[in-house]
file my_file18.cif (mmCIF, C-alpha atoms)
data_data
#
loop_
_atom_site.label_atom_id
_atom_site.label_comp_id
_atom_site.auth_asym_id
_atom_site.auth_seq_id
_atom_site.Cartn_x
_atom_site.Cartn_y
_atom_site.Cartn_z
CA MET A 1 -26.57 1.18 -32.86
CA HIS A 2 -27.30 3.30 -29.78
CA ALA A 3 -23.97 2.14 -28.36
CA ALA A 4 -22.21 3.10 -31.60
CA LEU A 5 -23.82 6.55 -31.61
CA THR A 6 -22.82 7.12 -27.99
CA ALA A 7 -19.26 6.09 -28.79
CA ALA A 8 -19.14 8.37 -31.83
CA ALA A 9 -19.77 11.37 -29.61
CA ARG A 10 -16.44 10.71 -27.88
CA GLY A 11 -14.64 11.69 -31.07
CA VAL A 12 -13.74 15.20 -32.19
CA ARG A 13 -15.23 17.38 -34.88
CA GLY A 14 -13.07 18.41 -37.79
CA ALA A 15 -11.76 17.12 -41.11
CA ASN A 16 -13.45 13.74 -40.63
CA PRO A 17 -16.96 12.82 -39.48
CA VAL A 18 -17.50 11.49 -35.97
CA VAL A 19 -18.15 7.76 -36.28
CA GLY A 20 -18.84 4.95 -33.83
CA ALA A 21 -19.06 1.19 -34.23
CA ALA A 22 -20.25 -1.76 -32.17
CA LEU A 23 -19.74 -5.50 -32.62
CA LEU A 24 -22.66 -7.78 -31.75
CA SER A 25 -22.68 -11.51 -31.08
CA ALA A 26 -25.20 -13.80 -32.77
CA GLU A 27 -27.30 -13.46 -29.61
CA GLY A 28 -27.30 -9.65 -29.80
CA GLU A 29 -24.76 -9.06 -27.03
CA VAL A 30 -22.52 -6.00 -27.44
CA LEU A 31 -18.99 -7.42 -27.56
CA HIS A 32 -16.85 -4.40 -28.43
CA VAL A 33 -17.44 -0.68 -29.03
CA GLY A 34 -15.10 1.88 -30.60
CA TYR A 35 -14.95 5.30 -32.20
CA HIS A 36 -12.84 7.37 -34.56
CA ARG A 37 -10.52 9.71 -32.65
CA GLY A 38 -9.88 12.16 -35.49
CA ALA A 39 -8.08 12.62 -38.80
CA GLY A 40 -5.11 10.29 -39.21
CA THR A 41 -6.25 7.77 -36.58
CA ALA A 42 -7.87 4.38 -37.04
CA HIS A 43 -11.49 4.43 -38.16
CA ALA A 44 -14.18 3.17 -35.78
CA GLU A 45 -14.58 -0.17 -37.59
CA VAL A 46 -10.88 -0.93 -37.37
CA VAL A 47 -10.78 0.07 -33.69
CA VAL A 48 -13.52 -2.48 -32.95
CA LEU A 49 -11.96 -5.20 -35.08
CA ASP A 50 -8.57 -4.67 -33.44
CA ALA A 51 -10.19 -4.91 -29.99
CA ALA A 52 -11.88 -8.17 -30.98
CA ARG A 53 -8.62 -9.57 -32.30
CA GLU A 54 -6.74 -8.67 -29.13
CA ALA A 55 -9.48 -10.23 -26.98
CA GLY A 56 -9.62 -13.38 -29.10
CA THR A 57 -13.28 -12.80 -30.00
CA PRO A 58 -14.52 -15.12 -32.79
CA LEU A 59 -15.94 -13.01 -35.62
CA ARG A 60 -17.66 -15.60 -37.77
CA ASP A 61 -21.26 -15.00 -36.62
CA THR A 62 -20.93 -11.38 -35.50
CA THR A 63 -22.60 -8.24 -36.83
CA LEU A 64 -20.75 -4.95 -37.13
CA LEU A 65 -22.92 -1.85 -36.64
CA VAL A 66 -21.52 1.48 -37.82
CA THR A 67 -23.00 4.98 -37.71
CA LEU A 68 -21.66 5.75 -41.21
CA GLU A 69 -21.19 3.50 -44.23
CA PRO A 70 -17.69 1.94 -44.15
CA CYS A 71 -15.28 3.82 -46.39
CA HIS A 72 -13.78 2.25 -49.50
CA HIS A 73 -10.76 4.44 -50.16
CA THR A 74 -7.21 4.95 -49.02
CA GLY A 75 -6.46 8.27 -47.32
CA ARG A 76 -4.33 8.58 -44.21
CA THR A 77 -5.60 5.09 -43.37
CA GLY A 78 -6.66 2.12 -45.47
CA PRO A 79 -10.16 1.13 -46.61
CA CYS A 80 -12.44 -0.08 -43.82
CA THR A 81 -14.21 -2.36 -46.30
CA GLU A 82 -11.08 -4.45 -46.81
CA ALA A 83 -10.43 -4.62 -43.08
CA ILE A 84 -13.97 -5.93 -42.51
CA LEU A 85 -13.64 -8.55 -45.24
CA ARG A 86 -10.24 -9.73 -43.96
CA ALA A 87 -11.62 -10.05 -40.44
CA GLY A 88 -14.38 -12.38 -41.60
CA VAL A 89 -17.37 -10.37 -40.38
CA GLY A 90 -20.39 -11.62 -42.31
CA ARG A 91 -22.93 -8.89 -41.61
CA VAL A 92 -22.70 -5.08 -41.52
CA VAL A 93 -25.41 -2.61 -40.58
CA HIS A 94 -24.77 1.10 -41.13
CA ALA A 95 -27.02 3.99 -40.21
CA VAL A 96 -26.43 6.31 -43.17
CA ALA A 97 -24.63 6.20 -46.49
CA ASP A 98 -21.35 8.02 -47.03
CA THR A 99 -22.09 10.24 -50.04
CA THR A 100 -18.66 11.86 -50.33
CA ASP A 101 -16.86 11.33 -53.63
CA ALA A 102 -13.76 9.84 -52.00
CA ALA A 103 -15.34 7.34 -49.59
CA ARG A 104 -18.68 6.29 -51.13
CA GLY A 105 -19.40 2.80 -52.41
CA GLY A 106 -18.31 0.78 -49.39
CA ALA A 107 -21.64 -1.00 -48.94
CA ALA A 108 -21.81 -2.05 -52.59
CA TRP A 109 -18.24 -3.38 -52.48
CA LEU A 110 -18.95 -5.43 -49.37
CA ARG A 111 -22.09 -6.92 -50.93
CA GLU A 112 -20.11 -7.85 -54.05
CA HIS A 113 -17.70 -9.73 -51.80
CA GLY A 114 -20.34 -11.72 -49.98
CA VAL A 115 -20.98 -9.59 -46.91
CA GLU A 116 -24.61 -9.02 -45.93
CA VAL A 117 -25.22 -5.26 -45.65
CA ARG A 118 -28.22 -3.38 -44.30
CA ALA A 119 -28.72 0.37 -43.97
CA GLY A 120 -30.99 2.91 -42.30
CA LEU A 121 -30.99 1.88 -38.62
CA LEU A 122 -31.30 5.08 -36.51
CA ALA A 123 -30.55 7.07 -39.65
CA ALA A 124 -32.07 10.33 -38.38
CA GLU A 125 -29.88 10.31 -35.27
CA ALA A 126 -26.76 9.52 -37.29
CA LEU A 127 -27.47 12.27 -39.82
CA ASP A 128 -28.00 14.79 -37.05
CA LEU A 129 -24.70 13.82 -35.44
CA ASN A 130 -22.76 14.83 -38.55
CA ASP A 131 -25.14 17.34 -40.10
CA ARG A 132 -22.61 20.17 -40.44
CA TRP A 133 -19.78 17.93 -41.61
CA LEU A 134 -22.03 16.55 -44.32
CA ARG A 135 -23.06 20.09 -45.25
CA ALA A 136 -19.40 21.12 -45.60
CA GLN A 137 -18.76 18.13 -47.86
CA GLN A 138 -21.75 18.97 -50.04
CA GLN A 139 -20.50 22.55 -50.36
CA ARG A 140 -16.99 21.31 -51.17
CA ARG A 141 -15.35 23.38 -48.44
CA PRO A 142 -13.41 22.75 -45.23
CA PHE A 143 -15.16 22.17 -41.92
CA VAL A 144 -15.04 25.48 -40.02
CA SER A 145 -14.56 26.00 -36.28
CA LEU A 146 -14.88 29.48 -34.80
CA LYS A 147 -13.15 30.23 -31.49
CA ILE A 148 -14.05 33.31 -29.47
CA ALA A 149 -12.54 34.41 -26.16
CA GLN A 150 -14.64 37.13 -24.57
CA SER A 151 -15.61 38.87 -21.34
CA ILE A 152 -18.96 38.32 -19.61
CA ASP A 153 -20.37 41.25 -21.53
CA GLY A 154 -19.17 39.99 -24.90
CA ARG A 155 -16.00 42.05 -25.39
CA VAL A 156 -12.81 40.76 -27.00
CA ALA A 157 -10.76 43.87 -26.26
CA ALA A 158 -10.85 46.88 -23.94
CA VAL A 159 -11.38 50.43 -25.18
CA ASP A 160 -7.63 50.91 -25.60
CA GLY A 161 -7.39 47.75 -27.73
CA THR A 162 -5.70 45.53 -25.14
CA SER A 163 -6.82 41.91 -25.30
CA GLN A 164 -3.99 39.75 -23.95
CA TRP A 165 -5.17 37.97 -22.08
CA ILE A 166 -8.93 37.90 -21.50
CA THR A 167 -9.11 34.18 -20.73
CA GLY A 168 -6.85 32.23 -18.39
CA ALA A 169 -4.04 29.79 -19.11
CA PRO A 170 -6.22 26.61 -19.15
CA ALA A 171 -8.54 28.05 -21.80
CA ARG A 172 -5.59 29.24 -23.87
CA ALA A 173 -4.04 25.77 -23.61
CA GLU A 174 -7.23 24.27 -25.06
CA GLY A 175 -6.98 26.75 -27.91
CA HIS A 176 -3.41 25.69 -28.68
CA GLN A 177 -4.44 22.02 -28.58
CA LEU A 178 -7.18 22.79 -31.09
CA ARG A 179 -4.62 24.43 -33.37
CA THR A 180 -2.67 21.16 -33.49
CA ARG A 181 -5.76 19.39 -34.89
CA VAL A 182 -6.75 21.85 -37.61
CA ASP A 183 -5.17 22.33 -41.03
CA ALA A 184 -5.30 26.14 -41.04
CA VAL A 185 -5.85 29.02 -38.59
CA LEU A 186 -7.37 32.19 -40.04
CA VAL A 187 -7.58 35.76 -38.74
CA GLY A 188 -8.52 39.07 -40.29
CA GLY A 189 -6.41 42.11 -40.97
CA GLY A 190 -7.66 43.93 -37.88
CA THR A 191 -6.44 41.17 -35.58
CA LEU A 192 -3.17 41.03 -37.46
CA ARG A 193 -2.54 44.74 -36.97
CA SER A 194 -3.70 44.97 -33.35
CA ASP A 195 -2.27 41.73 -31.91
CA ASP A 196 0.53 40.71 -34.33
CA PRO A 197 -0.27 37.02 -33.61
CA SER A 198 2.07 34.16 -34.51
CA LEU A 199 -0.85 31.66 -34.78
CA THR A 200 1.50 28.80 -33.88
CA ALA A 201 0.45 25.86 -31.72
CA ARG A 202 2.44 25.82 -28.49
CA THR A 203 2.66 23.73 -25.34
CA PRO A 204 1.84 25.22 -21.92
CA GLU A 205 5.60 25.69 -21.53
CA GLY A 206 5.72 27.81 -24.68
CA GLU A 207 7.42 25.23 -26.91
CA LEU A 208 6.26 24.68 -30.48
CA CYS A 209 4.08 21.62 -30.96
CA ALA A 210 5.12 18.99 -33.47
CA ARG A 211 2.15 19.62 -35.74
CA GLN A 212 1.61 23.18 -36.92
CA PRO A 213 -1.31 24.58 -38.95
CA LEU A 214 -1.13 26.76 -42.02
CA ARG A 215 -1.34 30.41 -40.89
CA ALA A 216 -3.74 32.55 -42.92
CA VAL A 217 -4.78 36.19 -42.86
CA MET A 218 -7.87 37.35 -44.76
CA SER A 219 -7.07 40.91 -45.77
CA THR A 220 -6.50 42.98 -48.89
CA ARG A 221 -3.96 45.20 -47.15
CA PRO A 222 -0.25 44.29 -47.32
CA VAL A 223 1.11 42.12 -44.50
CA PRO A 224 4.25 43.68 -42.98
CA GLU A 225 7.44 41.75 -43.63
CA ALA A 226 8.12 41.72 -39.88
CA ALA A 227 4.69 40.34 -38.95
CA ARG A 228 5.01 37.32 -36.67
CA ILE A 229 2.38 35.44 -38.66
CA ARG A 230 4.82 35.09 -41.56
CA GLY A 231 7.17 32.87 -39.58
CA ALA A 232 10.14 31.22 -41.24
CA ASP A 233 8.69 27.86 -42.27
CA GLY A 234 6.79 28.92 -45.39
CA ARG A 235 3.44 27.97 -43.83
CA PHE A 236 1.82 31.37 -44.27
CA VAL A 237 -0.71 32.55 -46.81
CA GLN A 238 -2.46 35.85 -47.40
CA LEU A 239 -6.02 35.60 -48.70
CA ASP A 240 -6.59 38.94 -50.40
CA THR A 241 -10.37 38.81 -50.27
CA HIS A 242 -13.25 39.81 -48.02
CA ASP A 243 -15.36 36.85 -49.18
CA PRO A 244 -15.25 33.97 -46.66
CA ARG A 245 -16.35 31.43 -49.28
CA GLU A 246 -13.49 32.41 -51.56
CA ALA A 247 -11.09 32.22 -48.61
CA LEU A 248 -12.25 28.68 -47.81
CA THR A 249 -11.92 27.64 -51.46
CA ARG A 250 -8.31 28.83 -51.52
CA LEU A 251 -7.53 27.03 -48.27
CA ARG A 252 -9.17 23.85 -49.56
CA ASP A 253 -7.00 24.08 -52.66
CA ARG A 254 -4.00 24.10 -50.31
CA GLY A 255 -5.19 20.87 -48.71
CA ALA A 256 -7.05 22.27 -45.70
CA ALA A 257 -10.02 20.17 -44.61
CA HIS A 258 -10.50 21.85 -41.20
CA VAL A 259 -10.14 25.62 -40.69
CA LEU A 260 -10.10 27.41 -37.35
CA VAL A 261 -11.27 31.03 -37.46
CA GLU A 262 -9.88 33.02 -34.54
CA GLY A 263 -11.19 36.50 -35.33
CA GLY A 264 -11.53 39.31 -35.11
CA PRO A 265 -15.11 40.54 -34.87
CA THR A 266 -15.44 41.47 -38.56
CA VAL A 267 -14.14 38.14 -39.84
CA ALA A 268 -16.22 36.21 -37.31
CA ALA A 269 -19.33 38.08 -38.46
CA ALA A 270 -18.54 37.40 -42.11
CA PHE A 271 -18.37 33.64 -41.57
CA LEU A 272 -21.42 33.63 -39.31
CA ALA A 273 -23.52 35.72 -41.69
CA ALA A 274 -22.63 33.35 -44.54
CA ASP A 275 -23.64 30.31 -42.41
CA LEU A 276 -20.14 28.87 -42.74
CA VAL A 277 -19.43 28.19 -39.07
CA ASP A 278 -19.94 24.50 -38.26
CA GLU A 279 -18.63 24.52 -34.69
CA LEU A 280 -18.40 27.35 -32.14
CA ARG A 281 -16.06 27.27 -29.17
CA LEU A 282 -16.87 30.24 -26.98
CA TYR A 283 -14.71 30.96 -23.93
CA GLN A 284 -16.17 33.45 -21.47
CA ALA A 285 -13.94 35.00 -18.82
CA PRO A 286 -15.20 36.38 -15.46
CA LEU A 287 -14.43 39.94 -16.54
CA LEU A 288 -16.58 43.00 -17.25
CA LEU A 289 -15.27 45.66 -19.65
CA GLY A 290 -18.39 47.71 -20.27
CA ALA A 291 -17.06 48.96 -23.60
CA GLY A 292 -14.56 47.94 -26.24
CA ALA A 293 -14.67 45.66 -29.26
CA SER A 294 -17.61 43.26 -29.38
CA SER A 295 -16.83 39.61 -30.08
CA VAL A 296 -18.92 39.70 -33.27
CA ALA A 297 -19.59 42.63 -35.59
CA GLY A 298 -23.06 43.36 -36.98
CA LEU A 299 -24.90 40.42 -38.51
CA GLY A 300 -27.73 42.41 -40.06
CA ILE A 301 -30.25 40.96 -37.61
CA GLY A 302 -33.03 43.42 -36.87
CA THR A 303 -35.40 41.44 -34.68
CA LEU A 304 -35.19 38.70 -32.05
CA ALA A 305 -37.09 36.26 -34.25
CA ALA A 306 -34.25 36.40 -36.77
CA ALA A 307 -31.50 35.68 -34.21
CA SER A 308 -28.76 33.20 -35.08
CA SER A 309 -29.69 30.12 -33.05
CA TRP A 310 -27.26 27.55 -31.64
CA ARG A 311 -27.47 24.35 -29.62
CA GLY A 312 -25.17 22.61 -27.18
CA ASP A 313 -22.75 20.14 -28.76
CA HIS A 314 -21.58 17.29 -26.51
CA VAL A 315 -19.23 15.79 -29.10
CA GLY A 316 -15.62 15.70 -27.94
CA VAL A 317 -16.25 17.40 -24.58
CA PRO A 318 -16.57 14.85 -21.75
CA ASP A 319 -17.78 17.49 -19.29
CA GLY A 320 -20.70 18.52 -21.49
CA ALA A 321 -21.50 21.32 -23.91
CA VAL A 322 -20.99 23.91 -21.16
CA GLY A 323 -18.10 23.46 -18.75
CA ALA A 324 -15.56 25.24 -16.59
CA VAL A 325 -12.01 25.63 -17.88
CA GLY A 326 -10.09 27.06 -14.97
CA GLU A 327 -11.95 30.24 -14.03
CA ASP A 328 -13.47 30.56 -17.51
CA LEU A 329 -16.61 29.07 -19.01
CA ARG A 330 -16.50 27.08 -22.24
CA TRP A 331 -19.52 26.79 -24.53
CA HIS A 332 -19.28 24.12 -27.25
CA LEU A 333 -22.01 24.83 -29.78
CA ARG A 334 -23.23 24.01 -33.27
CA PRO A 335 -25.90 25.68 -35.39
CA ALA A 336 -29.47 24.76 -34.53
CA PRO A 337 -31.46 23.18 -37.37
CA SER A 338 -33.13 25.81 -39.51
#
call {"tool": "encode", "arguments": {"input": "my_file18.cif", "output": "structure tokens"}}
result
Amino acid sequence: MHAALTAAARGVRGANPVVGAALLSAEGEVLHVGYHRGAGTAHAEVVVLDAAREAGTPLRDTTLLVTLEPCHHTGRTGPCTEAILRAGVGRVVHAVADTTDAARGGAAWLREHGVEVRAGLLAAEALDLNDRWLRAQQQRRPFVSLKIAQSIDGRVAAVDGTSQWITGAPARAEGHQLRTRVDAVLVGGGTLRSDDPSLTARTPEGELCARQPLRAVMSTRPVPEAARIRGADGRFVQLDTHDPREALTRLRDRGAAHVLVEGGPTVAAAFLAADLVDELRLYQAPLLLGAGASSVAGLGIGTLAAASSWRGDHVGVPDGAVGAVGEDLRWHLRPAPS
């Protein structure tokens, strides 16, 4: 299970949980290891079973260990339970149960079909790995990533409002790649009026990527007809509310399971204050502005003991939770346990 947990961390956070799997021989030797690469790709169990099939590995006396109970539903991919049964694996051990309405029940189905199933191995570690994804599912809302690009002294714009560009091209390219993975990108009215962003996902050459997110602005003020965010593809929505929970509900109703919040400071603070940010990607440029817009507006924190606390997140970042991206520094963080 340690091998499965290590593999799971190679996945990416977002609409789906990060999941790893390992196939063991009857003697306890690790034969194959795999992980889920993100929404729309093969689940970890199927990755391992495919690897075994390609290698000609006999499956009769093997045990499949998975960090999350195998799913029993059809979404973008088929049920893992049926793939396990077809493969002939006789024993499955999963760390924690999948309690989501759509995917639950996999263990019971496998037992009914003659597969030995055990649960609870390294459960605490597996729960911690997906703590915020599970929280988002319990709250029936999308998983939320917050991206901030700031100077060393925490500014996202100079005194005159200029902000393009604080970070370098490599960091911006990572941001565009992230946009291709999310279902919606959200900004506030202030960012809309100051930057007139298009919120499209583009290649380093400036071409539109094949997959584009829904573009959302959270503002009660009218959006100009000429605003670039509107685009011409119909993938724009105005969320006329200041309540981040209501905004997420509306985006969920439009099919969004992963939302990227890109600012500005007021919107970032609203999501942070409501404890709705599940993943923080903070890019820090080697610049000092001294004054200008702070990356986050007031959070109502009056003393150090009440500070919002975060921890390094190594999931999906091979170079670690803190790494260099060109001349910039990238922090990949998630909320610390309360």
call {"tool": "atom_distance", "arguments": {"input": "my_file18.cif", "atom1": "CA of Gln212 (chain A)", "atom2": "CA of His314 (chain A)"}}
result
26.1 Å
call {"tool": "closest_residue", "arguments": {"input": "my_file18.cif", "among": "A:Val237, A:Ala8, A:Ala39, A:Ala232", "to": "Val217 (chain A)", "atoms": "all atoms listed in the file"}}
result
A:Val237
call {"tool": "closest_residue", "arguments": {"input": "my_file18.cif", "among": "A:Thr62, A:Gln150, A:Gln164, A:Thr200", "to": "Glu116 (chain A)", "atoms": "all atoms listed in the file"}}
result
A:Thr62
call {"tool": "residues_around", "arguments": {"input": "my_file18.cif", "residues": "Pro244 (chain A)", "least_positions_apart": "6", "cutoff": "10 Å", "atoms": "all atoms listed in the file", "output": "ChimeraX atom specification"}}
result
/A:218,250,267-268,270-274,276
call {"tool": "closest_residue", "arguments": {"input": "my_file18.cif", "among": "A:His36, A:Arg311, A:Arg330, A:His242", "to": "Arg281 (chain A)", "atoms": "all atoms listed in the file"}}
result
A:Arg330
call {"tool": "atom_distance", "arguments": {"input": "my_file18.cif", "atom1": "CA of Gly40 (chain A)", "atom2": "CA of Glu174 (chain A)"}}
result
20.0 Å
call {"tool": "closest_residue", "arguments": {"input": "my_file18.cif", "among": "A:Ala26, A:Val117, A:Leu5, A:Leu146", "to": "Tyr283 (chain A)", "atoms": "all atoms listed in the file"}}
result
A:Leu146
call {"tool": "closest_residue", "arguments": {"input": "my_file18.cif", "among": "A:Thr74, A:Glu27, A:Ala124, A:Ala87", "to": "Gly56 (chain A)", "atoms": "all atoms listed in the file"}}
result
A:Ala87
call {"tool": "closest_residue", "arguments": {"input": "my_file18.cif", "among": "A:Ala169, A:Ala226, A:Val315, A:Ala305", "to": "Arg10 (chain A)", "atoms": "all atoms listed in the file"}}
result
A:Val315
call {"tool": "build_atoms", "arguments": {"input": "my_file18.cif", "residues": "region 6-22 of chain A", "atoms": "N, CA, C and O atoms", "output": "CSV table (one decimal), in the coordinates of the input"}}
result
chain,number,residue,atom,x,y,z
A,6,THR,N,-23.4,6.6,-29.2
A,6,THR,CA,-22.8,7.1,-28.0
A,6,THR,C,-21.3,7.2,-28.1
A,6,THR,O,-20.7,8.1,-27.7
A,7,ALA,N,-20.7,6.1,-28.6
A,7,ALA,CA,-19.3,6.1,-28.8
A,7,ALA,C,-18.8,7.2,-29.8
A,7,ALA,O,-17.8,7.8,-29.5
A,8,ALA,N,-19.5,7.4,-30.8
A,8,ALA,CA,-19.1,8.4,-31.8
A,8,ALA,C,-19.0,9.7,-31.2
A,8,ALA,O,-18.1,10.5,-31.6
A,9,ALA,N,-19.8,10.1,-30.2
A,9,ALA,CA,-19.8,11.4,-29.6
A,9,ALA,C,-18.5,11.6,-28.8
A,9,ALA,O,-18.2,12.7,-28.4
A,10,ARG,N,-17.7,10.6,-28.6
A,10,ARG,CA,-16.4,10.7,-27.9
A,10,ARG,C,-15.3,11.2,-28.8
A,10,ARG,O,-14.2,11.5,-28.4
A,11,GLY,N,-15.6,11.2,-30.1
A,11,GLY,CA,-14.6,11.7,-31.1
A,11,GLY,C,-14.6,13.2,-31.1
A,11,GLY,O,-15.1,13.9,-30.2
A,12,VAL,N,-13.9,13.7,-32.1
A,12,VAL,CA,-13.7,15.2,-32.2
A,12,VAL,C,-14.2,15.7,-33.6
A,12,VAL,O,-14.0,14.9,-34.6
A,13,ARG,N,-14.8,16.8,-33.6
A,13,ARG,CA,-15.2,17.4,-34.9
A,13,ARG,C,-14.0,17.9,-35.7
A,13,ARG,O,-13.1,18.4,-35.1
A,14,GLY,N,-14.1,17.9,-37.0
A,14,GLY,CA,-13.1,18.4,-37.8
A,14,GLY,C,-13.1,17.9,-39.2
A,14,GLY,O,-14.1,17.8,-39.8
A,15,ALA,N,-11.9,17.5,-39.7
A,15,ALA,CA,-11.8,17.1,-41.1
A,15,ALA,C,-12.6,15.9,-41.4
A,15,ALA,O,-13.0,15.7,-42.5
A,16,ASN,N,-12.7,15.0,-40.4
A,16,ASN,CA,-13.4,13.7,-40.6
A,16,ASN,C,-14.8,13.8,-39.9
A,16,ASN,O,-14.9,14.5,-38.9
A,17,PRO,N,-15.7,12.9,-40.3
A,17,PRO,CA,-17.0,12.8,-39.5
A,17,PRO,C,-16.7,12.1,-38.2
A,17,PRO,O,-15.7,11.4,-38.0
A,18,VAL,N,-17.6,12.3,-37.2
A,18,VAL,CA,-17.5,11.5,-36.0
A,18,VAL,C,-18.3,10.2,-36.2
A,18,VAL,O,-19.4,10.2,-36.7
A,19,VAL,N,-17.6,9.1,-35.9
A,19,VAL,CA,-18.2,7.8,-36.3
A,19,VAL,C,-17.9,6.8,-35.1
A,19,VAL,O,-16.9,6.8,-34.5
A,20,GLY,N,-18.9,6.0,-34.8
A,20,GLY,CA,-18.8,5.0,-33.8
A,20,GLY,C,-19.2,3.6,-34.4
A,20,GLY,O,-19.9,3.5,-35.4
A,21,ALA,N,-18.8,2.5,-33.8
A,21,ALA,CA,-19.1,1.2,-34.2
A,21,ALA,C,-19.2,0.3,-33.0
A,21,ALA,O,-18.7,0.5,-32.0
A,22,ALA,N,-20.0,-0.8,-33.2
A,22,ALA,CA,-20.2,-1.8,-32.2
A,22,ALA,C,-20.3,-3.1,-32.8
A,22,ALA,O,-20.9,-3.3,-33.9
